[in-house]
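Read the structure below first, then the notes.
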Amino acid sequence: MRDSTALKANPGNFFEDFRLGQIIPHAAPRTVTVGDVALYQGLFGPQFAVQSSDAFARAIGYPRAPVDDLLVFHMVFGMTVPDISLNAVANLGYADCRFLKAIYPGDTLNATSEVIGLKENSNRKTGIVYVRSRGLNQAGEAVLDYVRWVMVRKRDETAPAPGETVPELPKTVQPAQLGAACPPLKSDVYDTVLAGSPHRFGDYRPGERIDHVDGMTVEEAEHMIATRLYHNTARVHFNQFSESQGRFGRRLIYGGHVISLARALSFNGLANAFHVTAINGGRHVAPLFAGGTVFAWSEVLETAEVPGRNDIGALRLRTVATRDRPCPDFPVREGDGYDPAVILDLDYWVVMPC
Amino acid sequence: MRDSTALKANPGNFFEDFRLGQIIPHAAPRTVTVGDVALYQGLFGPQFAVQSSDAFARAIGYPRAPVDDLLVFHMVFGMTVPDISLNAVANLGYADCRFLKAIYPGDTLNATSEVIGLKENSNRKTGIVYVRSRGLNQAGEAVLDYVRWVMVRKRDETAPAPGETVPELPKTVQPAQLGAACPPLKSDVYDTVLAGSPHRFGDYRPGERIDHVDGMTVEEAEHMIATRLYHNTARVHFNQFSESQGRFGRRLIYGGHVISLARALSFNGLANAFHVTAINGGRHVAPLFAGGTVFAWSEVLETAEVPGRNDIGALRLRTVATRDRPCPDFPVREGDGYDPAVILDLDYWVVMPC
Amino acid sequence: MRDSTALKANPGNFFEDFRLGQIIPHAAPRTVTVGDVALYQGLFGPQFAVQSSDAFARAIGYPRAPVDDLLVFHMVFGMTVPDISLNAVANLGYADCRFLKAIYPGDTLNATSEVIGLKENSNRKTGIVYVRSRGLNQAGEAVLDYVRWVMVRKRDETAPAPGETVPELPKTVQPAQLGAACPPLKSDVYDTVLAGSPHRFGDYRPGERIDHVDGMTVEEAEHMIATRLYHNTARVHFNQFSESQGRFGRRLIYGGHVISLARALSFNGLANAFHVTAINGGRHVAPLFAGGTVFAWSEVLETAEVPGRNDIGALRLRTVATRDRPCPDFPVREGDGYDPAVILDLDYWVVMPC
C-alpha cells in the first residue's frame, strides 16, 4: 500500500512551473444548456430580453436567445482555475477581454491559455503570471479571449524565476472589435416596451451616471451553487472548515459573482444594454462574504459607433459595486483609495440598439 | 457630469400615475425551459405525474409534460411587478384567475395589464389599484387571466385621486371555464398507481378535509432563487440591508412561494389533482420568513362536473397553510380572525381524472 | 364534514404491511432533463468530461452526454421512499447495485421494488425489510437494479411478523456485469488532457490510496433542493420544526448527498473514472448536518478487466468521506469502530478507458 496522492491528485501549478509562451489546454469541457441558463437566472435575476426570450431574440435576428455573456465568461474562467490559479494568492486584474461569438444552449465550451508574462515578486515567495485565455466552441472557433494576471505562490522559494516579461496590454478594447458576437440586428423591430426601457444608444451621454437602486443579498448556498456550475474549483469558495482558520475566517465569494450581480442590477437603468461585448479592465477592490448586500451604479465613460454597424452602438461603462451601501451619491474614491464600501470597479463595453 | 438616475432607472408607478382603462404592456418576456422546470422541482418538490413525466403526459393525451400551472402564474405575476406593485404597500387579493392554455417548455410568456379599478384610501397617502393581468404565449394567445388588487403609495399626497371605481368580481370561477388549459384526456389510461393515489374525482366529497401531513422549512437562498427565476423584482424579498431597517427586520418571502409550497405538500392526499385550473380568491394572512416551516391542509368546498367533459371533474378546494404548526386539527379561524399560525387561505379549482 | 386524512394521505408502509415476494410499483415517474443535470452540477460540482460535454461524449461513442449515474440512482431511490422507507428508522445498507443502461436527457424513469427479505427485530417494535428495487426507462428497460435494507417501525407492536427471510447477497458485483451501461468506446480518441488527468486504467494499482484534497461545505438550502429534485420525501430532511424536537435537533442530510459529494471530490485523482457502474455495498457511518465540510479519500481495492471489453477496465474503489477533517492520512477505522470523523464508507466499481 502506498500513498500515491502526489501522483494522482492535481497539486496545481506554482510560479516556477510556468514558462513564457507555454500553451496550457484546460480540462473539463462543458456543454451549456437551458438548465445552466435557468440556474443563472435564478441566482442573479438578469432581465435582459434578448437572453430571456427566444421569441424576442428571433424577432431581431438571433437564431434563438443567446447565453448570457457573463455565464460564458465564468465557465471559461472556471476551466482555467485548476491550471492557473489553484495556488494563487490573488486575482490581480483583467484586460483585453472580448466576446467573439454568441453561444447558444447546446454549444460546448473548452479553453486554453498561453503564458504571456511572468514576474517574480521581490520577496521571492510569489510571482505574477499573465495568461491570455481563450474559450472555444465545439467547432474550435474562438468565442472569448481575455488576459488575466494572478499572483501565484512558489513551491520552493529558492527556485529560479522563470524569466521576467510584462506584456503590454491595451487600456481599452477598440470599437472596431465590439460587434463580433452580435449578429446584424433588425434594430427597428427591437421592441423597447417589451425590453423594459425606452432608452436606446442615442439616449446615453458620456458622464451620465445611473444609480441602479436595488440591492441583492447573497447567501452561501447561492455563490457556491453558481461557482460549482462553472467548474470553478478554487478552494476558498467552498471549504468553511479551512477558511474558518484562514485570513477572513469565512468563505470568500468568487469575484465574478459580484460582476454578475452588478450586471443584473444594472438592468434598472440600462435595460437595452443587451450584450456585454468587452471588458477593458476590472478590479475586485474588496472581498464579499455571504450576508452582504450588493448595490451598484454606472457611469457612461464613452459612447462609440461600431465601425460597419448602424444597428448597434457601444457604451463604455464604469460600473461600481458596493456592499451594504446604497449608491444614490455614486460612491467610488475616497482620498487616495476607494470608499470602504466599494468592492468592484469594472470598465467594460456594452452594445445597445440604435 | 449629471445625475440622470431619475431619467433612466425605473421608479415604478405611484397611485396617481394609474388611469382607469389604462393598458400596460409589461417588459421582460420569458421563454420557459426544462431548466426552469427543474429549478421549480428542486425548490418545491411537486410530484404530480403529469408535470413530472413526459411519458405519463403523452399516454393520457398531452403532447409532453406541461409546465406547472403555478410556475406560469409566478412568471406572469413577476412581469407585472415593475409596473404595478413596485411601490405597493400590500398585495391585497386575487380573483377570477383562470388558466387558459397549457404551456410547454420552449414557449415564451409575456404579459399585459389593464387598470380596472382605482380607489384612494381615506388617509390620502395610498390607494387601491385593481388590475386585470393577462399572460400570453409567443403566438399572442392568452394563457392566464387574473385580477389582483394592491395598495400603492402616492408619490405626492396632495395629488388628486384618479377617479374611484371598484370592479365587480366573481366570487368563484364557473365550472364551464375550468377545462380550457386541459386537452381531452384518455382518463381510462390514466395510471393511478404511477400517479401515486387510487383516488379519482368521484372519490372526493364536499366537506372532506385532508391533512397534507408533511412540513417544509424555507431557507433564504431558496425563496430568493425562486423569485428571481420569475423576474419578480419586489425589493422586500432580496435586500437584507434595507429590510433590516424595515417593518419586519428581515426579508419577506414572496406570497406565491407559500402557494407553491402548499400545492406541493397537497400531493399527499390529492395526488391526482394534476392541474390547478382557476384561483377564486386568496389571502396572504400573515408573512413568512426564512427558517419557518410550512404545513398545509385542504377542504373540498365543492365538486363539479366540467360541462362538455367526461374525462375530468373539478374540485373546489380551500387550502390553508400554516407556519411552524402541523395541521391534524385543521386550524383556520380563531375568534373573529385567523389562528395566528395561518399564513395562507386559498380558494381554487383543480381538475382530476374521472 | 369528516376527517378523511386517514383515507387520502399516504401513511407509508409499516413493517407488518410487507410480504415476501410482494411487488411494489412506485409512483411519480420522472423525465430527466438538462435542467436536472444543471442543478446536479451546481449542487455537487462534478467535472467528469463524459457527463459534462456532449462533444466529448460523442467523440468517444456515446450519442450525447449521459446523465450522471448517481443522479439516476437518487431519482430511482427517491421514488421508492414513500412506499419503502417513509416509516424507516434507518437505512442500513445497499448491495448488488448495477447500472444497466445509460440514461440521457429526455428519458423517463420509473421504479418498482420486490420485497426479498423480512426479519423482525427482537424488540418487536421494528423489523428489517430487504427490497430489490429496479429503475426502468420509458421503454420498460431496466436501467438500474439494487438491493437495500431498511429498519422499519411496526404500526402495532403486537402484530405478527410477516415471516423471516434474510436474502443471500453478493459481496461484490462481478466484472462481467460492469459494462452494461457503457457503449463500446473509442478509447484511443479519449482525450486525457481534456478530461483532466493522464492516468488511465493501467495506471492504477490495488492498494493505492488517493487523498481527494478538497473540502465542500454543505448548506441547508443545497441538500433540500437536491433531495426534492429526486422526489425524495423523507421527512427528516425538510422539516426543521419537527426535527428541532427530534434526536439530532436538526435536519438530517440525505445519505446519498454525501455519496454525490464524495464522487464529485474524487475527480481530483480519478478524473478518468467516468462511470460508476456498480455499488457493492455502502455504509452511512454517521450523519451529516448543514455546516459540515465533507472531505474524501479513496483506495483502489481491485483492478479488473471487463470480459469482452478492451476499451474499458474497472477499478473497485473504497471511498471514505469525513466531516470537518481533511484526509491526507486516510482516516477510516479506529479501534473496533470508525474514526469519529468518518461519515461514509462506500465500496463500488468505476470504469476507466484503457
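Ordering of the C-alpha cells sets the chain letters (A, B, ...), residue numbers begin anew at 1 in every chain, and ligands are numbered from 1 in the order given.
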
Within 9 Å of Thr108 of chain C, counting only C-alpha atoms, which residues qualify if same-chain residues fewer than 2 places away don't, as a list in words?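 These residues fall inside the cut-off: Ser53, Asp54, Ala55 and Phe56 of chain B; Pro29, Arg30, Thr31, Val32, Ile103, Pro105, Gly106, Asn110, Leu136, Asn137, Gln138 and Ala139 of chain C.
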
Using DSSP secondary structure from the backbone, list all strand (DSSP E) positions within segment 29-260 of chain A, as a ChimeraX atom specification. /A:30-31,88-99,108-120,126-136,142-153,209-211,216-217

Please identify all residues of chain B having at least one atom at most 7 Å from any atom of chain A, considering only C-alpha atoms, and return them as number ranges by chain. B: 1-5, 8-10, 26-31, 33-36, 108, 138, 221, 225-226, 228-229, 231, 235, 238-241

Need the shell around Val72 of chain C: protein/DNA/RNA residues with any atom at most 10 Å away, counting only C-alpha atoms. Skip same-chain ones fewer than 4 positions apart. Format as a PyMOL selection string? chain C and resi 32+67-68+76-78+99+102-104+109+135+143-144+230

Name the residues of segment 14-97 of chain C that fall into alpha helix (DSSP H) according to DSSP on the backbone, using the chain letters and numbers of this document, as a PyMOL selection string. chain C and resi 34-44+49-52+54-60+69-84

Report, in Å to a single decimal, how far apart atom CA of Arg58 of chain C and atom CA of Glu305 of chain C are.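 These two atoms are separated by 23.8 Å.
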